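Colleague: Right, I'll just put the structure down here and ask away after.
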Amino acid sequence: MRIRPDLREIPPYRPGRSIVDVAREWGLEVSEIIKLASNECPLPPFPEVQEAVAAAVGGIHRYPDNDAGEAREALAAHVGVEPDQIWVGAGSSELLRIMALAVGGPGTSAVYAWPSFVIYRLATTLAMSEPVEVPLDAGMAHDPEAMLAALRDDTTIVYLCNPNNPTGTLLDAETVASFVERVPPDVLVVVDEAYHEYVTDDRHVSAVRLVEDHPNVVVARTLSKIYGLAGLRVGYAVGQAETVAELRRPQAPFSVNSLAQVAAVEAIRHPGRVEERRELNRRGREVLERGLAELGVPYVPSQTNFVFFRPGPDTDLTAERFLGHGVVIRSLSKGWVRVTVGSEEENRRFLQVLAAELDRLRRPSF
Ligand SMILES: Cc1ncc(COP(=O)(O)O)c(C=O)c1O
């Protein structure tokens, strides 16, 4: 077989460990394990969404609506644009990958911050583009000036992850707007707002408002996070109609299943519940941040449903020690790890484990 050799550069995506896996490896009961590694919502989908999905199950012998017409209409009304400006995907990560393919290819480059969402790196390799990774600034936030300086003549796409995964940092609305103004119009700017609904800082405004004047701007959103639909795979992108129509071309037919479409329509009908979840998350985030501060553990103040922190020098040791207590967190690098805001009980348990393990985690690694 002659498989593209460059694909070997794509490390397999490392999803947060499954509960069943961890239980087996550590000899724990599944019920003892808490998963705080994938920035999922600790709450199930809204009851109305569960009912709508259950009612639609009887229709899944048919292919789904390839244009996701009802979902596009509902999402368009939700964000205040026209339906032909909405593009629905099997999770926003599908859309991110397709955009990379649509504008990439040999002889192109893609600019993004690092560390940031790993899919930008994977999609860039898949698209045969050259990655240009721009380090975050000292506060672990995007460095827009450095990113602008990194744009090259062959750059066709630049990603802004706002707020950023894994650091939880935010670029304010003015900074995003002035960044977009300064990017050449032939470069696609993808603003990834997967965690938009969790932001509580008033200086944040969605980049959706920039789409009207900028055909090269696309905003990616997901229903995997605050809406609790990660397992169904549904996300969407907002851009000008012609931009969206062009970018969509490489998408596989019927990629968004019919239950996901039904769930998306129902989920956005409940803004009050989203507000409640935002507030619940804010409180949980505060508990984690306060706990980290009290233990003297460095962390980055977050605007998302996760917190990036560094209890000691050894990332893998940290993740392993947590696993031994049945708490799954995400290891990153240079001692940094990420924990998702969980339920009250989960947050409490996470802090207990941290307090119990901290002395060991702080020792220098060899
Ligand atoms: C920054 C960012 N963008 C996009 C996504 C993709 O979400 P999904 O494909 O579930 O919509 C995630 C998921 O973790 C993320 O962290």
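Residue numbers start at 1 in each chain; chains themselves are named A, B, ... in the order of the structure tokens; ligands are numbered from 1 in the order shown.
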Name all residues at most 12 Å from Leu28 of chain A (count only C-alpha atoms; drop same-chain ones fewer than 2 positions away) and give them as a PyMOL selection string.
Modeller: chain A and resi 19-26+30-34+323-327
Colleague: Run DSSP on the backbone and give me the residues of segment 85-162 of chain A it puts in strand (DSSP E or B), as a count of residues only.
Modeller: 23
Colleague: Ligand 1: which residues are within 10 Å, counting only C-alpha atoms and all ligand atoms? Reply as a VMD selection string.
Modeller: chain A and resid 15 37 to 40 89 to 97 116 to 120 160 to 166 168 191 to 196 220 to 225 228 to 236 304
Colleague: Neighbouring residues of segment 275-290 of chain A were defined as those with any atom within 7 Å, considering only C-alpha atoms; residues of the same chain fewer than 4 positions away were excluded. Please report them as a count of residues only.
Modeller: 9
Colleague: Compile a residue-level contact table for segment 222-317 of chain A against segment 77-87 of chain A at a cut-off of 10 Å, reporting for every qualifying residue the shortest atom pair and its distance in Å to one decimal, with only C-alpha atoms counted, rows ordered by chain and ascending number, as a Markdown table.
Modeller:
```
| residue | atom | partner | partner_atom | distance |
| --- | --- | --- | --- | --- |
| A:Gly235 | CA | A:Trp87 | CA | 8.6 |
| A:Tyr236 | CA | A:Trp87 | CA | 5.4 |
| A:Ala237 | CA | A:Trp87 | CA | 5.1 |
| A:Val238 | CA | A:Ile86 | CA | 4.9 |
| A:Gly239 | CA | A:Gln85 | CA | 5.3 |
| A:Gln240 | CA | A:Gln85 | CA | 5.3 |
| A:Ala241 | CA | A:Gln85 | CA | 4.5 |
| A:Glu242 | CA | A:Gln85 | CA | 8.1 |
| A:Thr243 | CA | A:Gln85 | CA | 8.3 |
| A:Val244 | CA | A:Gln85 | CA | 6.4 |
| A:Ala245 | CA | A:Asp84 | CA | 8.2 |
| A:Leu247 | CA | A:Trp87 | CA | 9.3 |
| A:Arg248 | CA | A:Trp87 | CA | 7.5 |
| A:Val265 | CA | A:His78 | CA | 9.8 |
| A:Ile268 | CA | A:His78 | CA | 7.2 |
| A:Arg269 | CA | A:His78 | CA | 8.6 |
| A:Pro271 | CA | A:His78 | CA | 9.7 |
```
Colleague: Please provide the set of residues having any atom within 12 Å of Glu145 of chain A, restricted to only C-alpha atoms, with same-chain residues fewer than 4 positions apart removed, written as a list in words.
Modeller: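 Counting only the stated atoms, we get Ala113, Val134, Pro135, Leu136, Asp137, Ala141, Ala149, Ala150, Leu151, Thr175, Val176, Ser178, Phe179, Val180, Arg182 and Val183 of chain A.
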Colleague: With a distance cut-off of 9 Å and only C-alpha atoms, select the neighbouring residues of Leu210 of chain A, excluding the residue or stretch itself and same-chain residues fewer than 5 positions from it, and output the selection as a list in words.
Modeller: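 Close residues of Leu210 of chain A: Ala177, Val180, Val217 and Val218 of chain A.
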Colleague: Could you write out the selected residues, including N, CA and C atoms, as an mmCIF file, in the first residue's frame?
Modeller:
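Contents of out.cif, as written:
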```cif
data_model
loop_
_atom_site.group_PDB
_atom_site.id
_atom_site.type_symbol
_atom_site.label_atom_id
_atom_site.label_comp_id
_atom_site.auth_asym_id
_atom_site.auth_seq_id
_atom_site.Cartn_x
_atom_site.Cartn_y
_atom_site.Cartn_z
ATOM 1 N N ALA A 177 -11.435 42.562 16.635
ATOM 2 C CA ALA A 177 -11.838 43.391 15.492
ATOM 3 C C ALA A 177 -10.611 44.005 14.817
ATOM 4 N N VAL A 180 -8.682 41.389 12.817
ATOM 5 C CA VAL A 180 -9.347 41.053 11.551
ATOM 6 C C VAL A 180 -9.088 42.140 10.502
ATOM 7 N N VAL A 217 -14.037 36.164 7.079
ATOM 8 C CA VAL A 217 -14.140 35.760 8.491
ATOM 9 C C VAL A 217 -15.229 34.694 8.655
ATOM 10 N N VAL A 218 -14.898 33.624 9.371
ATOM 11 C CA VAL A 218 -15.873 32.589 9.701
ATOM 12 C C VAL A 218 -15.763 32.311 11.203
#
```
Colleague: Considering only C-alpha atoms, give me a table of residues in segment 196-312 of chain A that are at most 7 Å from segment 50-71 of chain A, with the closest atom pair and distance in Å for each, as a Markdown table.
Modeller:
```
| residue | atom | partner | partner_atom | distance |
| --- | --- | --- | --- | --- |
| A:Pro253 | CA | A:Asn66 | CA | 6.3 |
| A:Phe254 | CA | A:Asn66 | CA | 4.9 |
| A:Asn257 | CA | A:Pro64 | CA | 5.6 |
| A:Ser258 | CA | A:Pro64 | CA | 4.7 |
| A:Leu259 | CA | A:Val53 | CA | 5.6 |
| A:Gln261 | CA | A:Ala71 | CA | 5.7 |
| A:Val262 | CA | A:Val53 | CA | 6.4 |
| A:Ala263 | CA | A:Val53 | CA | 6.0 |
| A:Ala264 | CA | A:Ala71 | CA | 6.4 |
| A:Val265 | CA | A:Ala71 | CA | 5.3 |
```
Colleague: Can I get the selection written as a JSON list (two decimals), in the first residue's frame, with C-alpha atoms?
Modeller:
```
[["chain", "number", "residue", "atom", "x", "y", "z"],
["A", 253, "PRO", "CA", -22.90, 14.22, 2.20],
["A", 254, "PHE", "CA", -25.21, 13.58, 5.16],
["A", 257, "ASN", "CA", -27.16, 12.98, 11.48],
["A", 258, "SER", "CA", -30.87, 13.63, 11.87],
["A", 259, "LEU", "CA", -30.92, 13.32, 15.67],
["A", 261, "GLN", "CA", -30.15, 18.28, 13.74],
["A", 262, "VAL", "CA", -33.29, 17.85, 15.84],
["A", 263, "ALA", "CA", -31.30, 18.32, 19.05],
["A", 264, "ALA", "CA", -29.68, 21.54, 17.82],
["A", 265, "VAL", "CA", -33.06, 23.07, 16.95]]
```
Colleague: Which is closest to Phe309 of chain A among A:Val219, A:Ala173, A:Met140, A:Ala102, if we use only C-alpha atoms?
Modeller: A:Met140
Colleague: Please list as a PyMOL selection string every residue within 10 Å of Gly296 of chain A, counting only C-alpha atoms and excluding residues in the same chain fewer than 4 positions away.
Modeller: chain A and resi 290-292+311+358
Colleague: With only C-alpha atoms as the basis for distance, which of A:Leu171, A:Gly105, A:Ala76, A:Ala123 is at the shortest distance from Val208 of chain A?
Modeller: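 Counting only C-alpha atoms, the residue closest to Val208 of chain A is A:Ala76.
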Colleague: Calculate how many Å separate atom CA of Arg330 of chain A from atom CA of Leu122 of chain A, rounding to one decimal.
Modeller: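 Between these atoms lies a distance of 18.1 Å.
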Colleague: Running DSSP on the backbone, which parts of segment 81-215 of chain A land in helix (DSSP H, G or I), as a PyMOL selection string?
Modeller: chain A and resi 83-85+92-103+118-126+144-150+173-182+196-198+207-213
Colleague: What's the separation between atom CA of Glu29 of chain A and atom CA of Val328 of chain A, in Å to one decimal place?
Modeller: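 Between atom CA of Glu29 of chain A and atom CA of Val328 of chain A the gap works out to 13.7 Å.
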Colleague: Identify, on the basis of only C-alpha atoms, every residue whose closest approach to Val339 of chain A does not exceed 7 Å; exclude the query and any residue fewer than 3 positions from it along the same chain; express the result as a count of residues only.
Modeller: 7
Colleague: Work out how far atom CA of Gly104 of chain A is from atom CA of Tyr159 of chain A, in Å to one decimal.
Modeller: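 These atoms are spaced 13.2 Å apart.
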Colleague: Using only C-alpha atoms for the distances, tell me which of A:Thr155, A:Thr108, A:Thr340, A:Ser206 is nearest to Glu174 of chain A.
Modeller: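 Once distances to Glu174 of chain A are computed over only C-alpha atoms, the minimum belongs to A:Ser206.
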